[in-house]
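Everything below belongs to work-v9.pdb, which stores PDB, C-alpha atoms, pLDDT in the B column.
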```pdb
ATOM      1  CA  MET A   1       0.000   0.000   0.000  1.00 85.00           C
ATOM      2  CA  THR A   2       2.875   2.351   0.783  1.00 92.00           C
ATOM      3  CA  TYR A   3       4.386   1.824  -2.670  1.00 92.00           C
ATOM      4  CA  PHE A   4       1.023   2.574  -4.273  1.00 93.00           C
ATOM      5  CA  ILE A   5       0.680   5.884  -2.426  1.00 92.00           C
ATOM      6  CA  ALA A   6       4.303   6.769  -3.171  1.00 92.00           C
ATOM      7  CA  GLY A   7       3.654   6.021  -6.837  1.00 92.00           C
ATOM      8  CA  LEU A   8       0.593   8.260  -6.863  1.00 92.00           C
ATOM      9  CA  VAL A   9       2.482  11.101  -5.209  1.00 91.00           C
ATOM     10  CA  ALA A  10       5.430  10.704  -7.582  1.00 91.00           C
ATOM     11  CA  GLY A  11       3.082  10.672 -10.578  1.00 89.00           C
ATOM     12  CA  PHE A  12       1.331  13.802  -9.365  1.00 90.00           C
ATOM     13  CA  VAL A  13       4.625  15.634  -8.815  1.00 88.00           C
ATOM     14  CA  LEU A  14       5.896  14.566 -12.225  1.00 86.00           C
ATOM     15  CA  ALA A  15       2.670  15.726 -13.874  1.00 87.00           C
ATOM     16  CA  VAL A  16       2.844  19.111 -12.141  1.00 87.00           C
ATOM     17  CA  PHE A  17       6.404  19.722 -13.309  1.00 87.00           C
ATOM     18  CA  ALA A  18       6.053  18.173 -16.781  1.00 89.00           C
ATOM     19  CA  TRP A  19       2.740  19.802 -17.787  1.00 86.00           C
ATOM     20  CA  PRO A  20       4.115  23.276 -18.702  1.00 87.00           C
ATOM     21  CA  LYS A  21       6.754  21.786 -21.010  1.00 87.00           C
ATOM     22  CA  LEU A  22       4.262  19.351 -22.510  1.00 86.00           C
ATOM     23  CA  ARG A  23       1.756  22.163 -23.084  1.00 86.00           C
ATOM     24  CA  GLN A  24       4.428  24.337 -24.707  1.00 88.00           C
ATOM     25  CA  PHE A  25       5.387  21.436 -27.008  1.00 88.00           C
ATOM     26  CA  ILE A  26       1.752  20.907 -28.040  1.00 85.00           C
ATOM     27  CA  LEU A  27       1.200  24.617 -28.699  1.00 87.00           C
ATOM     28  CA  GLY A  28       4.419  24.730 -30.709  1.00 90.00           C
ATOM     29  CA  LEU A  29       3.176  21.867 -32.863  1.00 89.00           C
ATOM     30  CA  GLU A  30      -0.146  23.613 -33.412  1.00 89.00           C
ATOM     31  CA  SER A  31       1.554  26.804 -34.551  1.00 91.00           C
ATOM     32  CA  GLU A  32       3.845  24.834 -36.863  1.00 91.00           C
ATOM     33  CA  ILE A  33       0.845  23.072 -38.400  1.00 92.00           C
ATOM     34  CA  GLU A  34      -0.902  26.411 -38.946  1.00 93.00           C
ATOM     35  CA  ALA A  35       2.216  27.865 -40.577  1.00 93.00           C
ATOM     36  CA  LEU A  36       2.427  24.890 -42.951  1.00 94.00           C
ATOM     37  CA  ARG A  37      -1.261  25.251 -43.823  1.00 96.00           C
ATOM     38  CA  ALA A  38      -0.728  28.939 -44.617  1.00 96.00           C
ATOM     39  CA  LYS A  39       2.204  28.057 -46.879  1.00 96.00           C
ATOM     40  CA  ALA A  40       0.072  25.427 -48.622  1.00 96.00           C
ATOM     41  CA  ARG A  41      -2.742  27.937 -49.190  1.00 96.00           C
ATOM     42  CA  ALA A  42      -0.269  30.468 -50.601  1.00 95.00           C
ATOM     43  CA  LEU A  43       1.257  27.871 -52.912  1.00 95.00           C
ATOM     44  CA  GLU A  44      -2.180  26.739 -54.079  1.00 94.00           C
ATOM     45  CA  ALA A  45      -3.161  30.338 -54.818  1.00 94.00           C
ATOM     46  CA  ARG A  46       0.066  30.874 -56.750  1.00 93.00           C
ATOM     47  CA  ILE A  47      -0.485  27.710 -58.786  1.00 93.00           C
ATOM     48  CA  ARG A  48      -4.048  28.705 -59.625  1.00 92.00           C
ATOM     49  CA  GLY A  49      -2.865  32.172 -60.617  1.00 86.00           C
ATOM     50  CA  LYS A  50      -4.855  34.201 -58.139  1.00 65.00           C
TER      51      LYS A  50
END
```
As structure tokens - that is how I would like this structure written.
Amino acid sequence: MTYFIAGLVAGFVLAVFAWPKLRQFILGLESEIEALRAKARALEARIRGK
């Protein structure tokens, strides 16, 4: 039982410290995806001659 509680506490502490970096990574990916979509739209417009 002691190991279980220690595991829960360790998991909670890890989650508290890891969440900001994980969130920043996810937001960075979202901005990268949006930038690639904008480049694709620009390229498509250039190909179509608009």
Please determine an axis-aligned box that encloses all atoms of segment 12-26 of chain A listed in the file, with 4 Å added on each side, and express its centre and edge lengths in Å to one decimal as JSON.
```
{"center_x": 4.0, "center_y": 19.1, "center_z": -18.4, "size_x": 13.4, "size_y": 18.5, "size_z": 27.2}
```
Query raised in the report: Hey, can you check how far atom CA of Gly7 of chain A sits from atom CA of Trp19 of chain A?
Result: 17.6 Å
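Rounded to one decimal, atom CA of Ile33 of chain A and atom CA of Leu14 of chain A lie 28.0 Å from each other.
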Query raised in the report: Can you tell me how far atom CA of Arg37 of chain A sits from atom CA of Leu22 of chain A, in Å to one decimal?
Result: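 These atoms are spaced 22.8 Å apart.
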What would segment 28-50 of chain A look like with N, CA and C atoms in place, written as a compact mmCIF listing (two decimals), in the coordinates of the input?
```txt
# COMPACT_ATOMS: atom_id res chain seq x y z
N GLY A 28 3.42 24.54 -29.65
CA GLY A 28 4.42 24.73 -30.71
C GLY A 28 4.07 23.92 -31.94
N LEU A 29 3.59 22.70 -31.73
CA LEU A 29 3.18 21.87 -32.86
C LEU A 29 1.98 22.48 -33.57
N GLU A 30 1.04 23.01 -32.80
CA GLU A 30 -0.15 23.61 -33.41
C GLU A 30 0.23 24.82 -34.25
N SER A 31 1.15 25.63 -33.77
CA SER A 31 1.55 26.80 -34.55
C SER A 31 2.33 26.39 -35.80
N GLU A 32 3.11 25.34 -35.70
CA GLU A 32 3.84 24.83 -36.86
C GLU A 32 2.88 24.30 -37.91
N ILE A 33 1.86 23.59 -37.47
CA ILE A 33 0.84 23.07 -38.40
C ILE A 33 0.14 24.22 -39.09
N GLU A 34 -0.22 25.25 -38.35
CA GLU A 34 -0.90 26.41 -38.95
C GLU A 34 0.00 27.12 -39.95
N ALA A 35 1.28 27.23 -39.65
CA ALA A 35 2.22 27.86 -40.58
C ALA A 35 2.32 27.05 -41.87
N LEU A 36 2.36 25.73 -41.76
CA LEU A 36 2.43 24.89 -42.95
C LEU A 36 1.15 25.00 -43.77
N ARG A 37 0.00 25.09 -43.11
CA ARG A 37 -1.26 25.25 -43.82
C ARG A 37 -1.29 26.58 -44.57
N ALA A 38 -0.78 27.63 -43.95
CA ALA A 38 -0.73 28.94 -44.62
C ALA A 38 0.18 28.89 -45.84
N LYS A 39 1.31 28.21 -45.73
CA LYS A 39 2.20 28.06 -46.88
C LYS A 39 1.53 27.26 -47.99
N ALA A 40 0.78 26.23 -47.62
CA ALA A 40 0.07 25.43 -48.62
C ALA A 40 -1.00 26.25 -49.33
N ARG A 41 -1.73 27.07 -48.57
CA ARG A 41 -2.74 27.94 -49.19
C ARG A 41 -2.10 28.93 -50.14
N ALA A 42 -0.96 29.52 -49.75
CA ALA A 42 -0.27 30.47 -50.60
C ALA A 42 0.22 29.79 -51.88
N LEU A 43 0.77 28.61 -51.74
CA LEU A 43 1.26 27.87 -52.91
C LEU A 43 0.11 27.51 -53.84
N GLU A 44 -1.01 27.09 -53.27
CA GLU A 44 -2.18 26.74 -54.08
C GLU A 44 -2.70 27.97 -54.84
N ALA A 45 -2.72 29.11 -54.16
CA ALA A 45 -3.16 30.34 -54.82
C ALA A 45 -2.21 30.73 -55.94
N ARG A 46 -0.92 30.55 -55.71
CA ARG A 46 0.07 30.87 -56.75
C ARG A 46 -0.07 29.94 -57.95
N ILE A 47 -0.33 28.68 -57.70
CA ILE A 47 -0.48 27.71 -58.79
C ILE A 47 -1.73 28.02 -59.61
N ARG A 48 -2.79 28.39 -58.93
CA ARG A 48 -4.05 28.70 -59.62
C ARG A 48 -4.03 30.07 -60.28
N GLY A 49 -3.01 30.88 -59.98
CA GLY A 49 -2.86 32.17 -60.62
C GLY A 49 -3.71 33.27 -60.02
N LYS A 50 -4.04 33.17 -58.78
CA LYS A 50 -4.86 34.20 -58.14
C LYS A 50 -4.00 35.22 -57.45
```
